[in-house]
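Listing of run_16.pdb; format and content: PDB, C-alpha atoms and all ligand atoms.
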MODEL        1
ATOM      1  CA  MET H  13       9.182  52.644  29.335
ATOM      2  CA  ALA H  14       5.411  52.376  29.532
ATOM      3  CA  ASN H  15       5.761  48.800  30.772
ATOM      4  CA  ASN H  16       7.548  49.970  33.894
ATOM      5  CA  ILE H  17       4.666  52.202  34.807
ATOM      6  CA  ASN H  18       1.853  49.779  34.018
ATOM      7  CA  SER H  19       3.408  47.006  36.040
ATOM      8  CA  PHE H  20       2.927  48.902  39.275
ATOM      9  CA  SER H  21      -0.514  50.366  38.695
ATOM     10  CA  VAL H  22      -1.791  47.896  41.317
ATOM     11  CA  LYS H  23      -2.286  49.123  44.870
ATOM     12  CA  VAL H  24       0.838  49.844  46.915
ATOM     13  CA  ALA H  25       3.194  48.149  44.528
ATOM     14  CA  THR H  26       6.906  48.605  44.665
ATOM     15  CA  LEU H  27       9.949  48.601  42.416
ATOM     16  CA  PRO H  28      12.736  46.022  42.311
ATOM     17  CA  LEU H  29      15.661  46.464  44.647
ATOM     18  CA  ILE H  30      18.900  47.296  42.846
ATOM     19  CA  LYS H  31      21.875  45.286  44.026
ATOM     20  CA  VAL H  32      25.180  47.117  44.223
ATOM     21  CA  THR H  33      28.066  44.754  43.453
ATOM     22  CA  LYS H  34      31.743  44.971  42.499
ATOM     23  CA  ASP H  35      30.706  45.778  38.910
ATOM     24  CA  PHE H  36      29.780  49.348  38.040
ATOM     25  CA  LEU H  37      26.104  50.238  37.724
ATOM     26  CA  ALA H  38      24.960  53.399  35.899
ATOM     27  CA  LEU H  39      22.104  55.021  37.823
ATOM     28  CA  VAL H  40      20.229  58.265  37.229
ATOM     29  CA  PHE H  41      19.208  60.016  40.457
ATOM     30  CA  PHE H  42      16.158  62.258  40.126
ATOM     31  CA  THR H  43      15.337  62.827  43.788
ATOM     32  CA  ALA H  44      17.473  63.421  46.856
ATOM     33  CA  THR H  45      14.591  62.834  49.258
ATOM     34  CA  TYR H  46      15.401  59.586  51.030
ATOM     35  CA  ILE H  47      12.772  57.336  52.538
ATOM     36  CA  LYS H  48      14.050  55.786  55.747
ATOM     37  CA  VAL H  49      13.372  52.205  56.733
ATOM     38  CA  MET H  50      14.466  50.056  59.693
ATOM     39  CA  LEU H  51      15.582  46.553  58.809
ATOM     40  CA  HIS H  52      17.141  43.497  60.405
ATOM     41  CA  TYR H  53      19.663  41.385  58.540
ATOM     42  CA  ILE H  54      18.891  37.700  59.082
ATOM     43  CA  ASP H  55      21.202  34.860  58.125
ATOM     44  CA  GLU H  56      19.508  31.702  59.322
ATOM     45  CA  PRO H  57      18.640  28.381  57.667
ATOM     46  CA  GLU H  58      15.017  29.543  57.395
ATOM     47  CA  TYR H  59      15.750  32.970  55.903
ATOM     48  CA  LYS H  60      18.699  34.967  54.627
ATOM     49  CA  GLY H  61      18.393  38.657  53.857
ATOM     50  CA  TYR H  62      16.790  41.836  55.133
ATOM     51  CA  LEU H  63      13.449  41.869  56.920
ATOM     52  CA  HIS H  64      11.419  44.813  58.163
ATOM     53  CA  CYS H  65      11.739  45.757  61.828
ATOM     54  CA  LEU H  66       8.249  45.455  63.310
ATOM     55  CA  LYS H  67       8.719  48.021  66.063
ATOM     56  CA  THR H  68       6.054  50.718  66.214
ATOM     57  CA  LYS H  69       5.052  53.224  68.903
ATOM     58  CA  LYS H  70       2.527  50.705  70.191
ATOM     59  CA  LYS H  71       4.251  47.417  69.573
ATOM     60  CA  ASP H  72       7.655  45.872  70.110
ATOM     61  CA  CYS H  73       9.523  43.878  67.477
ATOM     62  CA  ILE H  74      10.333  40.204  68.052
ATOM     63  CA  LEU H  75      13.692  40.656  66.290
ATOM     64  CA  CYS H  76      14.665  43.642  68.467
ATOM     65  CA  GLN H  77      13.546  41.668  71.516
ATOM     66  CA  ALA H  78      15.736  38.767  70.418
ATOM     67  CA  GLY H  79      18.693  41.168  70.572
ATOM     68  CA  ARG H  80      19.076  41.609  66.814
ATOM     69  CA  GLY H  81      20.243  45.141  66.133
ATOM     70  CA  PRO H  82      18.066  47.054  63.672
ATOM     71  CA  GLN H  83      19.775  48.821  60.793
ATOM     72  CA  GLU H  84      18.643  52.100  59.291
ATOM     73  CA  MET H  85      18.551  52.174  55.511
ATOM     74  CA  PHE H  86      17.941  55.173  53.234
ATOM     75  CA  MET H  87      15.995  54.411  50.086
ATOM     76  CA  LEU H  88      15.753  56.261  46.801
ATOM     77  CA  PRO H  89      13.942  55.460  43.559
ATOM     78  CA  VAL H  90      16.516  55.627  40.739
ATOM     79  CA  TYR H  91      16.702  54.850  37.034
ATOM     80  CA  ASN H  92      18.958  51.974  35.981
ATOM     81  CA  ASP H  93      20.473  53.298  32.777
ATOM     82  CA  VAL H  94      21.747  49.962  31.441
ATOM     83  CA  ALA H  95      18.738  47.832  32.401
ATOM     84  CA  ASP H  96      16.364  50.611  31.169
ATOM     85  CA  GLY H  97      14.116  50.544  34.175
ATOM     86  CA  PHE H  98      13.347  52.051  37.540
ATOM     87  CA  GLY H  99      14.356  50.458  40.794
ATOM     88  CA  ILE H 100      15.090  51.156  44.432
ATOM     89  CA  LEU H 101      18.555  51.834  45.753
ATOM     90  CA  ALA H 102      18.972  51.086  49.459
ATOM     91  CA  VAL H 103      21.808  53.086  51.000
ATOM     92  CA  PRO H 104      23.165  52.044  54.404
ATOM     93  CA  ASN H 105      23.323  54.706  57.111
ATOM     94  CA  ASN H 106      27.078  55.155  57.171
ATOM     95  CA  LYS H 107      28.750  58.557  57.362
ATOM     96  CA  ASN H 108      32.161  57.231  56.246
ATOM     97  CA  ILE H 109      33.619  59.558  53.614
ATOM     98  CA  ARG H 110      34.115  56.588  51.244
ATOM     99  CA  GLY H 111      30.734  55.141  52.189
ATOM    100  CA  LEU H 112      27.918  55.136  49.653
ATOM    101  CA  LYS H 113      25.699  57.750  51.280
ATOM    102  CA  SER H 114      28.278  60.531  51.678
ATOM    103  CA  GLN H 115      29.483  60.082  48.096
ATOM    104  CA  ILE H 116      25.951  60.096  46.660
ATOM    105  CA  ASP H 117      24.932  63.076  48.800
ATOM    106  CA  ARG H 118      27.791  65.146  47.420
ATOM    107  CA  ASN H 119      26.353  64.752  43.906
ATOM    108  CA  ILE H 120      22.563  64.554  43.925
ATOM    109  CA  ASN H 121      19.800  67.117  44.337
ATOM    110  CA  ASP H 122      16.009  67.356  44.096
ATOM    111  CA  SER H 123      15.864  69.421  40.904
ATOM    112  CA  THR H 124      18.258  68.103  38.237
ATOM    113  CA  PRO H 125      18.776  64.421  37.303
ATOM    114  CA  VAL H 126      22.342  63.252  37.882
ATOM    115  CA  GLY H 127      24.058  60.139  36.517
ATOM    116  CA  LEU H 128      26.346  58.220  38.866
ATOM    117  CA  CYS H 129      28.329  55.046  38.255
ATOM    118  CA  ILE H 130      28.442  53.059  41.484
ATOM    119  CA  ARG H 131      30.476  50.056  42.530
ATOM    120  CA  LYS H 132      31.077  48.352  45.861
ATOM    121  CA  ASP H 133      34.798  47.976  46.634
ATOM    122  CA  THR H 134      34.652  46.589  50.181
ATOM    123  CA  PRO H 135      31.640  46.040  52.455
ATOM    124  CA  PHE H 136      31.980  49.671  53.599
ATOM    125  CA  THR H 137      33.645  51.533  50.740
ATOM    126  CA  TYR H 138      32.283  52.374  47.311
ATOM    127  CA  ALA H 139      33.497  53.957  44.098
ATOM    128  CA  VAL H 140      31.109  56.669  42.869
ATOM    129  CA  GLN H 141      31.726  58.701  39.716
ATOM    130  CA  LYS H 142      29.564  61.128  37.811
ATOM    131  CA  TYR H 143      28.696  60.511  34.157
ATOM    132  CA  ASP H 144      27.083  62.565  31.416
ATOM    133  CA  ILE H 145      23.409  61.659  30.976
ATOM    134  CA  SER H 146      22.893  63.463  27.659
ATOM    135  CA  GLN H 147      23.000  60.063  25.879
ATOM    136  CA  SER H 148      20.956  58.372  28.585
ATOM    137  CA  SER H 149      17.614  56.672  27.988
ATOM    138  CA  PHE H 150      16.442  58.218  31.271
ATOM    139  CA  ASP H 151      12.665  58.566  31.241
ATOM    140  CA  ASP H 152      11.889  61.851  33.006
ATOM    141  CA  GLU H 153       8.128  61.485  32.582
ATOM    142  CA  GLY H 154       8.339  58.039  34.130
ATOM    143  CA  ALA H 155      10.334  59.534  36.999
ATOM    144  CA  ASP H 156       7.657  62.199  37.570
ATOM    145  CA  GLU H 157       5.020  59.501  37.586
ATOM    146  CA  ILE H 158       6.957  57.495  40.178
ATOM    147  CA  MET H 159       7.278  60.520  42.441
ATOM    148  CA  GLU H 160       3.517  61.131  42.144
ATOM    149  CA  LYS H 161       2.713  57.511  42.943
ATOM    150  CA  ILE H 162       4.958  57.606  46.015
ATOM    151  CA  GLU H 163       3.272  60.835  47.111
ATOM    152  CA  GLU H 164      -0.200  59.355  46.575
ATOM    153  CA  LYS H 165       0.861  56.141  48.331
ATOM    154  CA  TYR H 166       0.218  53.910  45.314
ATOM    155  CA  LEU H 167       3.859  52.985  45.395
ATOM    156  CA  ASN H 168       5.692  52.066  48.573
ATOM    157  CA  VAL H 169       9.449  51.835  48.138
ATOM    158  CA  LYS H 170       9.744  50.071  51.510
ATOM    159  CA  ASN H 171       7.841  47.094  50.110
ATOM    160  CA  CYS H 172      10.887  46.025  48.118
ATOM    161  CA  PHE H 173      12.029  44.427  51.377
ATOM    162  CA  THR H 174      10.235  41.402  52.794
ATOM    163  CA  ARG H 175       8.004  41.910  55.792
ATOM    164  CA  TYR H 176       7.458  38.872  58.010
ATOM    165  CA  SER H 177       4.726  38.914  60.620
ATOM    166  CA  GLU H 178       5.567  38.179  64.249
ATOM    167  CA  LYS H 179       4.086  34.721  63.751
ATOM    168  CA  GLN H 180       6.271  34.028  60.701
ATOM    169  CA  LEU H 181       9.343  35.272  62.579
ATOM    170  CA  SER H 182       8.609  33.019  65.541
ATOM    171  CA  HIS H 183       9.028  30.033  63.200
ATOM    172  CA  ILE H 184      12.719  30.918  62.841
ATOM    173  CA  GLN H 185      14.227  28.685  65.555
ATOM    174  CA  SER H 186      17.152  30.877  66.625
ATOM    175  CA  ILE H 187      14.938  33.971  66.816
ATOM    176  CA  LYS H 188      12.357  32.179  68.928
ATOM    177  CA  ARG H 189      14.948  30.745  71.316
ATOM    178  CA  MET H 190      16.847  34.014  71.737
ATOM    179  CA  ASN H 191      13.585  35.848  72.208
ATOM    180  CA  ASP H 192      12.588  33.358  74.926
ATOM    181  CA  ILE H 193      15.946  33.867  76.664
ATOM    182  CA  MET H 194      15.864  37.674  76.400
ATOM    183  CA  THR H 195      12.273  37.956  77.572
ATOM    184  CA  GLY H 196      12.724  35.413  80.371
ATOM    185  CA  GLY H 197      10.871  32.638  78.599
ATOM    186  CA  ARG H 198       7.510  34.326  78.782
ATOM    187  CA  ALA H 199       4.931  32.632  76.624
ATOM    188  CA  ARG H 200       4.211  34.710  73.559
TER     189      ARG H 200
HETATM  190 ZN    ZN H 301      13.133  45.277  65.179
ENDMDL
END

Using the file provided, produce a representation of the structure as structure tokens.
Ligand SMILES: [Zn+2]
Amino acid sequence: MANNINSFSVKVATLPLIKVTKDFLALVFFTATYIKVMLHYIDEPEYKGYLHCLKTKKKDCILCQAGRGPQEMFMLPVYNDVADGFGILAVPNNKNIRGLKSQIDRNINDSTPVGLCIRKDTPFTYAVQKYDISQSSFDDEGADEIMEKIEEKYLNVKNCFTRYSEKQLSHIQSIKRMNDIMTGGRAR
């Protein structure tokens, strides 16, 4: 387990993103305190996947301006019981009773680690079932260390998603053109 910790001793490192698929994953949840992030899903020849929304109090986001709807995601550090390592689970903001967030929320808490097997059934529905973690290789000291590093800002869970600068985003043709249309073709 020590390897997991050492690998992110560098400044503001992150953990790998855990992909939820149609096959069950066994994850140990040791915190119920989500970290929210705003993302845009991009599916263009230049880039496919999630990118950070760049909107701040002071600055607008080129993706929002191009009419791309931002998506709120709730992130949690978790322990992957089969892969023996920590990672980040990104949970879409969806209140559907069979959605991932409502099913996780019914089971997890901030004080006791909980094991959940998770599988994606359809894009919006998931199977979530509790399992006994007495045989788990869950590393509770490692989990404490992760929580400390997040607190001390040595670990940023949001960094598991790619952040493109405005300049990088303006190289995506469709974004640039839509942004020009939406903003009346003003030079940027
Ligand atoms: Zn945005």

Gln147 in chain H surroundings by only C-alpha atoms, 12 Å radius, close-in-sequence under 5 positions cut, as a PyMOL selection string:
chain H and resi 40+93-94+127

Kindly provide, as an NGL selection string, all nucleotide and amino acid residues lying within 10 Å of ligand ZN 301 (chain H), counting only C-alpha atoms and all ligand atoms.
:H and (50-52 or 63-68 or 72-83)

Among listed residues H:Gly111, H:Thr137, H:Glu56, H:Lys165, nearest Lys188 in chain H (using all atoms listed in the file)
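That would be H:Glu56, the residue with the smallest distance to Lys188 in chain H.
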
Between H:Phe41, H:Leu29, H:Ala95, H:Lys60, which is the closest to Ser149 in chain H once you count all atoms listed in the file?
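Of H:Phe41, H:Leu29, H:Ala95, H:Lys60, the one nearest Ser149 in chain H, counting all atoms listed in the file, is H:Ala95.
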
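For the choices H:Ile187, H:Leu167, H:Leu37, H:Val32, the atom-to-atom distance to Lys132 in chain H is smallest for H:Val32 when using all atoms listed in the file.
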
Extending 5 Å beyond the listed atoms of range 71-89 of chain H on each side, what axis-aligned box results? I want centre and edge lengths in Å to one decimal, as JSON.
{"center_x": 12.2, "center_y": 47.5, "center_z": 57.5, "size_x": 26.0, "size_y": 27.5, "size_z": 38.0}

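Each of H:Asn121, H:Thr43, H:Thr195, H:Gln115 was checked against Val90 in chain H using all atoms listed in the file; the smallest atom-to-atom distance is that of H:Thr43.
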
Output of the PyMOL selection byres (((chain H and resi 126) around 12) and not hetatm), listed as an NGL selection string
:H and (38-44 or 90-93 or 116-125 or 127-129 or 141-146 or 148 or 150 or 152)

Compare H:Phe36, H:Cys172, H:Asn108, H:Ile30 by their minimum atom-to-atom distance to Asp133 in chain H, counting all atoms listed in the file, and give me the closest one.
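For Asp133 in chain H, the nearest of the given residues is H:Phe36.
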
Measure the distance from CA of Asp96 in chain H to CA of Gly154 in chain H in Å and round it to one decimal.
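Interatomic distance, CA of Asp96 in chain H to CA of Gly154 in chain H: 11.3 Å.
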
Non-local contacts of Leu88 in chain H (8 Å; only C-alpha atoms; under 4 positions in same chain excluded) as a ChimeraX atom specification
/H:43-47,100-102,169

Include C-alpha atoms and write out the residues we just selected as a tab-separated table (two decimals), in the frame of the given file.
chain	number	residue	atom	x	y	z
H	43	THR	CA	15.34	62.83	43.79
H	44	ALA	CA	17.47	63.42	46.86
H	45	THR	CA	14.59	62.83	49.26
H	46	TYR	CA	15.40	59.59	51.03
H	47	ILE	CA	12.77	57.34	52.54
H	100	ILE	CA	15.09	51.16	44.43
H	101	LEU	CA	18.56	51.83	45.75
H	102	ALA	CA	18.97	51.09	49.46
H	169	VAL	CA	9.45	51.84	48.14

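One finds CA of Glu84 in chain H at 5.8 Å from CA of Asn105 in chain H.
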
Atomic separation - CA of Val49 in chain H relative to CA of Ile184 in chain H, Å:
22.2 Å
